[in-house]
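Colleague: Got a file for you: data.cif, mmCIF, C-alpha atoms and all ligand atoms.
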```
data_upload
#
loop_
_atom_site.label_atom_id
_atom_site.label_comp_id
_atom_site.auth_asym_id
_atom_site.auth_seq_id
_atom_site.Cartn_x
_atom_site.Cartn_y
_atom_site.Cartn_z
CA MET A 1 96.69 121.08 79.85
CA GLY A 2 94.45 120.62 76.86
CA SER A 3 92.42 117.54 76.17
CA ASN A 4 90.14 115.63 78.52
CA ALA A 5 92.40 112.60 78.30
CA GLU A 6 95.35 114.67 79.52
CA VAL A 7 93.33 116.06 82.42
CA GLU A 8 92.09 112.58 83.33
CA LYS A 9 95.72 111.37 83.34
CA LEU A 10 96.61 114.20 85.68
CA TYR A 11 93.81 113.23 88.10
CA LEU A 12 94.95 109.61 88.07
CA MET A 13 98.55 110.64 88.68
CA ILE A 14 97.46 112.63 91.75
CA GLU A 15 95.36 109.76 93.07
CA LYS A 16 98.31 107.40 92.71
CA LEU A 17 100.82 109.86 94.15
CA LEU A 18 98.62 110.98 97.06
CA ASP A 19 95.14 109.50 97.58
CA LYS A 20 91.47 109.60 96.54
CA ASN A 21 90.57 112.64 98.66
CA ALA A 22 93.47 114.63 97.26
CA ARG A 23 92.31 113.74 93.77
CA GLN A 24 88.75 114.81 94.53
CA VAL A 25 89.84 118.13 96.05
CA PHE A 26 92.22 118.81 93.17
CA GLN A 27 89.56 117.90 90.62
CA THR A 28 87.06 120.24 92.29
CA LEU A 29 89.53 123.14 92.20
CA PHE A 30 90.54 122.33 88.64
CA GLU A 31 86.97 122.19 87.36
CA GLU A 32 86.02 125.34 89.27
CA GLY A 33 89.01 127.19 87.79
CA GLU A 34 89.06 129.80 90.55
CA GLU A 35 89.75 130.20 94.24
CA LEU A 36 87.78 128.18 96.76
CA THR A 37 87.73 128.10 100.54
CA GLU A 38 87.66 124.86 102.54
CA ILE A 39 83.94 125.43 103.10
CA ASP A 40 83.33 125.80 99.33
CA ILE A 41 85.19 122.55 98.74
CA ALA A 42 83.20 120.81 101.47
CA GLU A 43 79.93 121.92 99.86
CA ARG A 44 81.01 120.64 96.46
CA THR A 45 82.57 117.33 97.53
CA GLY A 46 80.70 116.32 100.68
CA LEU A 47 84.06 115.61 102.32
CA LYS A 48 84.68 116.48 105.98
CA LEU A 49 86.77 119.60 106.69
CA ASN A 50 89.54 117.54 108.32
CA ALA A 51 89.86 115.40 105.23
CA ILE A 52 89.89 118.48 103.00
CA ARG A 53 92.61 120.17 105.05
CA ARG A 54 94.73 117.06 104.93
CA ALA A 55 94.23 116.75 101.18
CA LEU A 56 95.07 120.43 100.62
CA ASN A 57 98.25 120.10 102.65
CA LEU A 58 99.32 117.05 100.64
CA LEU A 59 98.60 118.87 97.39
CA ALA A 60 100.45 121.99 98.58
CA GLU A 61 103.50 119.92 99.57
CA GLN A 62 103.68 118.70 95.97
CA GLY A 63 103.29 122.26 94.69
CA LEU A 64 99.99 121.38 93.01
CA VAL A 65 97.91 124.00 94.81
CA VAL A 66 98.63 127.39 96.36
CA TYR A 67 96.71 129.55 98.82
CA ARG A 68 96.15 133.18 99.67
CA ARG A 69 95.31 134.27 103.21
CA GLN A 70 92.92 137.06 103.91
CA LYS A 71 91.70 138.45 107.17
CA HIS A 72 87.94 138.18 107.45
CA LEU A 73 86.84 141.29 109.32
CA GLU A 74 83.43 140.18 110.54
CA LYS A 75 84.59 136.83 111.81
CA ASN A 76 87.97 138.25 112.81
CA ARG A 77 89.94 135.29 111.51
CA LEU A 78 92.07 134.27 108.60
CA ILE A 79 90.38 132.72 105.59
CA PHE A 80 92.42 130.61 103.17
CA TYR A 81 91.61 130.79 99.48
CA TRP A 82 92.93 127.82 97.52
CA LYS A 83 93.57 127.43 93.81
CA ILE A 84 95.44 125.24 91.36
CA ASN A 85 99.08 126.16 90.87
CA TYR A 86 98.66 126.33 87.10
CA GLU A 87 102.12 127.78 86.40
CA ALA A 88 103.83 124.84 88.12
CA LEU A 89 101.72 122.01 86.69
CA PRO A 90 103.73 121.28 83.51
CA ALA A 91 107.00 121.04 85.47
CA ILE A 92 105.42 118.77 88.10
CA ILE A 93 103.98 116.47 85.45
CA GLU A 94 107.30 116.32 83.65
CA ALA A 95 109.18 115.52 86.86
CA ARG A 96 106.77 112.66 87.61
CA LYS A 97 107.23 111.26 84.10
CA ARG A 98 111.00 111.48 84.42
CA ALA A 99 110.86 109.62 87.75
CA ALA A 100 108.69 106.91 86.18
CA LEU A 101 111.10 106.69 83.25
CA ASP A 102 114.10 106.22 85.57
CA LYS A 103 112.27 103.48 87.43
CA LEU A 104 111.40 101.65 84.21
CA LYS A 105 114.99 101.93 82.97
CA THR A 106 116.28 100.44 86.22
CA LEU A 107 113.79 97.58 85.93
CA LEU A 108 114.82 96.99 82.32
CA SER A 109 118.54 96.85 83.05
CA LYS A 110 117.91 94.47 85.96
CA GLU A 111 115.73 92.29 83.76
CA GLU A 112 118.31 92.31 80.97
CA ALA A 113 121.20 91.53 83.29
CA THR A 114 119.64 88.54 85.02
CA MET A 115 118.35 85.26 83.74
CA TYR A 116 115.56 84.00 85.92
CA TYR A 117 114.40 80.46 86.58
CA VAL A 118 110.85 79.72 87.59
CA CYS A 119 109.05 76.89 89.32
CA PRO A 120 106.30 75.71 86.93
CA ASN A 121 104.34 74.51 89.97
CA ASP A 122 104.14 77.62 92.21
CA GLY A 123 105.55 80.36 89.95
CA THR A 124 108.38 81.47 92.27
CA ARG A 125 111.36 83.10 90.53
CA TYR A 126 115.07 82.53 91.16
CA THR A 127 118.25 84.08 89.82
CA PHE A 128 120.81 81.81 88.19
CA GLU A 129 122.88 81.76 91.40
CA GLU A 130 119.88 80.84 93.53
CA ALA A 131 118.79 78.16 91.07
CA LEU A 132 122.31 76.72 91.02
CA GLU A 133 122.46 76.68 94.80
CA HIS A 134 119.32 74.51 94.86
CA GLU A 135 120.55 72.35 91.98
CA PHE A 136 117.78 73.69 89.74
CA THR A 137 114.97 72.33 91.88
CA CYS A 138 112.42 74.49 93.67
CA PRO A 139 113.32 74.84 97.38
CA ARG A 140 109.61 75.08 98.16
CA CYS A 141 108.14 72.10 96.37
CA GLY A 142 111.03 70.25 94.73
CA SER A 143 109.85 70.74 91.13
CA MET A 144 112.43 71.10 88.39
CA LEU A 145 113.10 74.81 87.65
CA VAL A 146 112.79 76.02 84.04
CA PRO A 147 114.14 79.16 82.33
CA ASP A 148 111.68 82.04 82.62
CA GLN A 149 109.80 82.22 79.31
CA ASP A 150 108.08 85.51 80.16
CA ARG A 151 111.37 87.38 80.37
CA GLU A 152 111.39 88.40 76.70
CA LEU A 153 107.82 89.61 76.98
CA ARG A 154 108.62 91.69 80.08
CA ILE A 155 111.68 93.20 78.40
CA GLN A 156 109.61 94.02 75.32
CA LEU A 157 106.88 95.64 77.44
CA LEU A 158 109.37 97.66 79.46
CA ARG A 159 110.98 98.92 76.23
CA GLN A 160 107.55 99.93 74.91
CA TYR A 161 106.66 101.82 78.10
CA ILE A 162 110.02 103.59 78.05
CA ALA A 163 109.57 104.60 74.39
CA MET A 164 106.05 105.89 75.14
CA LEU A 165 107.22 108.02 78.06
CA GLU A 166 110.21 109.34 76.13
CA ALA A 167 107.92 110.32 73.25
CA GLU A 168 105.58 112.14 75.64
CA LEU A 169 108.47 113.97 77.28
CA ASN A 170 109.86 115.04 73.90
CA GLU A 171 106.45 116.21 72.79
CA SER A 172 105.92 118.40 75.86
CA ASN A 173 109.42 119.91 75.41
CA THR A 174 108.78 121.03 71.87
CA ARG A 175 105.39 122.57 72.62
ZN ZN B 1 107.95 75.13 93.52
#
```
Mind turning this structure into C-alpha cells?

Modeller:
Amino acid sequence: MGSNAEVEKLYLMIEKLLDKNARQVFQTLFEEGEELTEIDIAERTGLKLNAIRRALNLLAEQGLVVYRRQKHLEKNRLIFYWKINYEALPAIIEARKRAALDKLKTLLSKEEATMYYVCPNDGTRYTFEEALEHEFTCPRCGSMLVPDQDRELRIQLLRQYIAMLEAELNESNTR
C-alpha cells in the first residue's frame, strides 16, 4: 500500500464492490490510521450512524475492517473500536484482481468463439445462428445485417486489460 495512485485504486475498488458510504467510511479509517468509534466516524464524515453501521458491516463482511469491543464503564455498554484490517488488504486486493481477470478471460473466449452480426441501423448484435435464422436481416427493422467490425477492437482491448492485470498480479507476488 504505497503510492497515492494505489490507495486511490483501492478506494475505487471498494466503492464499486460495495457503495459510496462504505468507501467514505473506509477512507476515513485509512487516513486516520488508527481505531475509531462510530461516533468518531460520524463526526469526520457527517454520515448518519445507521449508514455508518451498515457501511462498517459491509466492510467487515469483506474482511476490510476489524473491530475490538470494550466495555465502557461509565455508560455501562459496549463500545466498538474499528480499524482497517491492514494484514488482510493485500490478499483481498489480489483476490479481486484475480476475479476480474477470470471475468475478462471468459469474455475474451466468448468473443473469440463467436462471430457477431450487427444491424447498422439500430446497433443490435446477433450470433451467426441468430443471423442465419433471420436470413441476415434485422428482426427489428429489416435492415441487412453486417459482420461486426468492432470485434477485433474488443478482442484487442480485452487482451490488453488481461495483460495489464497479469502484470500487476506478478508484480505484487514478487514484492
Ligand atoms: Zn435493425

Colleague: Excluding same-chain residues fewer than 6 positions from region 32-36 of chain A, what lies within 7 Å of it counting all atoms listed in the file, as a PyMOL selection string?

Modeller: chain A and resi 81-83

Colleague: Would you mind exporting C-alpha atoms of the selected residues as a tab-separated table (two decimals), in the coordinates of the input?

Modeller:
```
chain	number	residue	atom	x	y	z
A	81	TYR	CA	91.61	130.79	99.48
A	82	TRP	CA	92.93	127.82	97.52
A	83	LYS	CA	93.57	127.43	93.81
```

Colleague: Using all atoms listed in the file, which of A:Ala167, A:Ala60, A:Val118, A:Ala131 sits nearest ligand ZN 1 (chain B)?

Modeller: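 Going through A:Ala167, A:Ala60, A:Val118, A:Ala131 one by one, the smallest distance to ligand ZN 1 (chain B) is for A:Val118.
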
Colleague: Wanna dump the chain A-ligand ZN 1 (chain B) contacts at 6 Å for me, each residue with its shortest atom pair and the distance in Å to one decimal, counting only C-alpha atoms and all ligand atoms, ordered by chain and number, as CSV?

Modeller:
```
residue,atom,partner,partner_atom,distance
A:Cys119,CA,B:ZN1,ZN,4.7
A:Asn121,CA,B:ZN1,ZN,5.1
A:Asp122,CA,B:ZN1,ZN,4.7
A:Cys138,CA,B:ZN1,ZN,4.5
A:Arg140,CA,B:ZN1,ZN,4.9
A:Cys141,CA,B:ZN1,ZN,4.2
A:Gly142,CA,B:ZN1,ZN,5.9
A:Ser143,CA,B:ZN1,ZN,5.3
```

Colleague: Could you pull out every residue with an atom within 12 Å of (105.7, 119.6, 88.9), file coordinates, counting only C-alpha atoms, and send them as a CSV table (one decimal) with C-alpha atoms, keeping the file's coordinate frame?

Modeller:
```
chain,number,residue,atom,x,y,z
A,10,LEU,CA,96.6,114.2,85.7
A,13,MET,CA,98.6,110.6,88.7
A,14,ILE,CA,97.5,112.6,91.8
A,59,LEU,CA,98.6,118.9,97.4
A,60,ALA,CA,100.4,122.0,98.6
A,61,GLU,CA,103.5,119.9,99.6
A,62,GLN,CA,103.7,118.7,96.0
A,63,GLY,CA,103.3,122.3,94.7
A,64,LEU,CA,100.0,121.4,93.0
A,65,VAL,CA,97.9,124.0,94.8
A,84,ILE,CA,95.4,125.2,91.4
A,85,ASN,CA,99.1,126.2,90.9
A,86,TYR,CA,98.7,126.3,87.1
A,87,GLU,CA,102.1,127.8,86.4
A,88,ALA,CA,103.8,124.8,88.1
A,89,LEU,CA,101.7,122.0,86.7
A,90,PRO,CA,103.7,121.3,83.5
A,91,ALA,CA,107.0,121.0,85.5
A,92,ILE,CA,105.4,118.8,88.1
A,93,ILE,CA,104.0,116.5,85.4
A,94,GLU,CA,107.3,116.3,83.6
A,95,ALA,CA,109.2,115.5,86.9
A,96,ARG,CA,106.8,112.7,87.6
A,97,LYS,CA,107.2,111.3,84.1
A,98,ARG,CA,111.0,111.5,84.4
A,99,ALA,CA,110.9,109.6,87.8
```

Colleague: Report, in Å to a single decimal, how far apart CA of Asp148 (chain A) and CA of Arg125 (chain A) are.

Modeller: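 Going from CA of Arg125 (chain A) over to CA of Asp148 (chain A) covers 8.0 Å.
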
Colleague: At what distance in Å, to one decimal, does CA of Ala51 (chain A) lie from CA of Leu73 (chain A)?

Modeller: 26.4 Å

Colleague: Compile the contact shell of Ala113 (chain A) as an MDAnalysis selection string: residues with an atom at most 12 Å away, counting all atoms listed in the file, same-chain residues fewer than 5 positions apart removed.

Modeller: chainID A and resid 106:108 127:128 151 155

Colleague: Generate the missing atoms of region 16-39 of chain A up to N, CA and C atoms and report them as an mmCIF file, in the coordinates of the input.

Modeller:
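Saved as result-v4.cif:
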```cif
data_model
loop_
_atom_site.group_PDB
_atom_site.id
_atom_site.type_symbol
_atom_site.label_atom_id
_atom_site.label_comp_id
_atom_site.auth_asym_id
_atom_site.auth_seq_id
_atom_site.Cartn_x
_atom_site.Cartn_y
_atom_site.Cartn_z
ATOM 1 N N LYS A 16 97.260 108.386 92.469
ATOM 2 C CA LYS A 16 98.310 107.400 92.710
ATOM 3 C C LYS A 16 99.395 107.956 93.622
ATOM 4 N N LEU A 17 99.751 109.212 93.385
ATOM 5 C CA LEU A 17 100.820 109.860 94.150
ATOM 6 C C LEU A 17 100.365 110.151 95.577
ATOM 7 N N LEU A 18 99.123 110.607 95.738
ATOM 8 C CA LEU A 18 98.620 110.980 97.060
ATOM 9 C C LEU A 18 97.494 110.028 97.463
ATOM 10 N N ASP A 19 96.254 110.431 97.309
ATOM 11 C CA ASP A 19 95.140 109.500 97.580
ATOM 12 C C ASP A 19 93.851 110.000 96.918
ATOM 13 N N LYS A 20 92.759 109.295 97.189
ATOM 14 C CA LYS A 20 91.470 109.600 96.540
ATOM 15 C C LYS A 20 90.950 110.979 96.919
ATOM 16 N N ASN A 21 91.058 111.328 98.222
ATOM 17 C CA ASN A 21 90.570 112.640 98.660
ATOM 18 C C ASN A 21 91.336 113.764 97.989
ATOM 19 N N ALA A 22 92.648 113.606 97.897
ATOM 20 C CA ALA A 22 93.470 114.630 97.260
ATOM 21 C C ALA A 22 93.044 114.800 95.806
ATOM 22 N N ARG A 23 92.778 113.684 95.157
ATOM 23 C CA ARG A 23 92.310 113.740 93.770
ATOM 24 C C ARG A 23 91.004 114.513 93.681
ATOM 25 N N GLN A 24 90.073 114.183 94.588
ATOM 26 C CA GLN A 24 88.750 114.810 94.530
ATOM 27 C C GLN A 24 88.843 116.323 94.776
ATOM 28 N N VAL A 25 89.675 116.709 95.742
ATOM 29 C CA VAL A 25 89.840 118.130 96.050
ATOM 30 C C VAL A 25 90.501 118.845 94.870
ATOM 31 N N PHE A 26 91.542 118.211 94.320
ATOM 32 C CA PHE A 26 92.220 118.810 93.170
ATOM 33 C C PHE A 26 91.260 118.970 91.997
ATOM 34 N N GLN A 27 90.507 117.902 91.745
ATOM 35 C CA GLN A 27 89.560 117.900 90.620
ATOM 36 C C GLN A 27 88.522 119.017 90.780
ATOM 37 N N THR A 28 88.040 119.185 92.009
ATOM 38 C CA THR A 28 87.060 120.240 92.290
ATOM 39 C C THR A 28 87.645 121.622 91.988
ATOM 40 N N LEU A 29 88.865 121.852 92.464
ATOM 41 C CA LEU A 29 89.530 123.140 92.200
ATOM 42 C C LEU A 29 89.794 123.330 90.718
ATOM 43 N N PHE A 30 90.192 122.248 90.070
ATOM 44 C CA PHE A 30 90.540 122.330 88.640
ATOM 45 C C PHE A 30 89.308 122.658 87.813
ATOM 46 N N GLU A 31 88.199 121.973 88.130
ATOM 47 C CA GLU A 31 86.970 122.190 87.360
ATOM 48 C C GLU A 31 86.378 123.570 87.648
ATOM 49 N N GLU A 32 86.537 124.015 88.899
ATOM 50 C CA GLU A 32 86.020 125.340 89.270
ATOM 51 C C GLU A 32 86.833 126.432 88.570
ATOM 52 N N GLY A 33 88.155 126.242 88.511
ATOM 53 C CA GLY A 33 89.010 127.190 87.790
ATOM 54 C C GLY A 33 89.280 128.482 88.543
ATOM 55 N N GLU A 34 88.755 128.602 89.753
ATOM 56 C CA GLU A 34 89.060 129.800 90.550
ATOM 57 C C GLU A 34 89.221 129.441 92.016
ATOM 58 N N GLU A 35 89.475 130.438 92.822
ATOM 59 C CA GLU A 35 89.750 130.200 94.240
ATOM 60 C C GLU A 35 88.535 129.645 94.988
ATOM 61 N N LEU A 36 88.830 128.718 95.890
ATOM 62 C CA LEU A 36 87.780 128.180 96.760
ATOM 63 C C LEU A 36 88.290 128.122 98.197
ATOM 64 N N THR A 37 87.367 128.302 99.144
ATOM 65 C CA THR A 37 87.730 128.100 100.540
ATOM 66 C C THR A 37 87.458 126.638 100.901
ATOM 67 N N GLU A 38 87.924 126.228 102.081
ATOM 68 C CA GLU A 38 87.660 124.860 102.540
ATOM 69 C C GLU A 38 86.158 124.576 102.581
ATOM 70 N N ILE A 39 85.396 125.584 103.008
ATOM 71 C CA ILE A 39 83.940 125.430 103.100
ATOM 72 C C ILE A 39 83.339 125.197 101.713
#
```
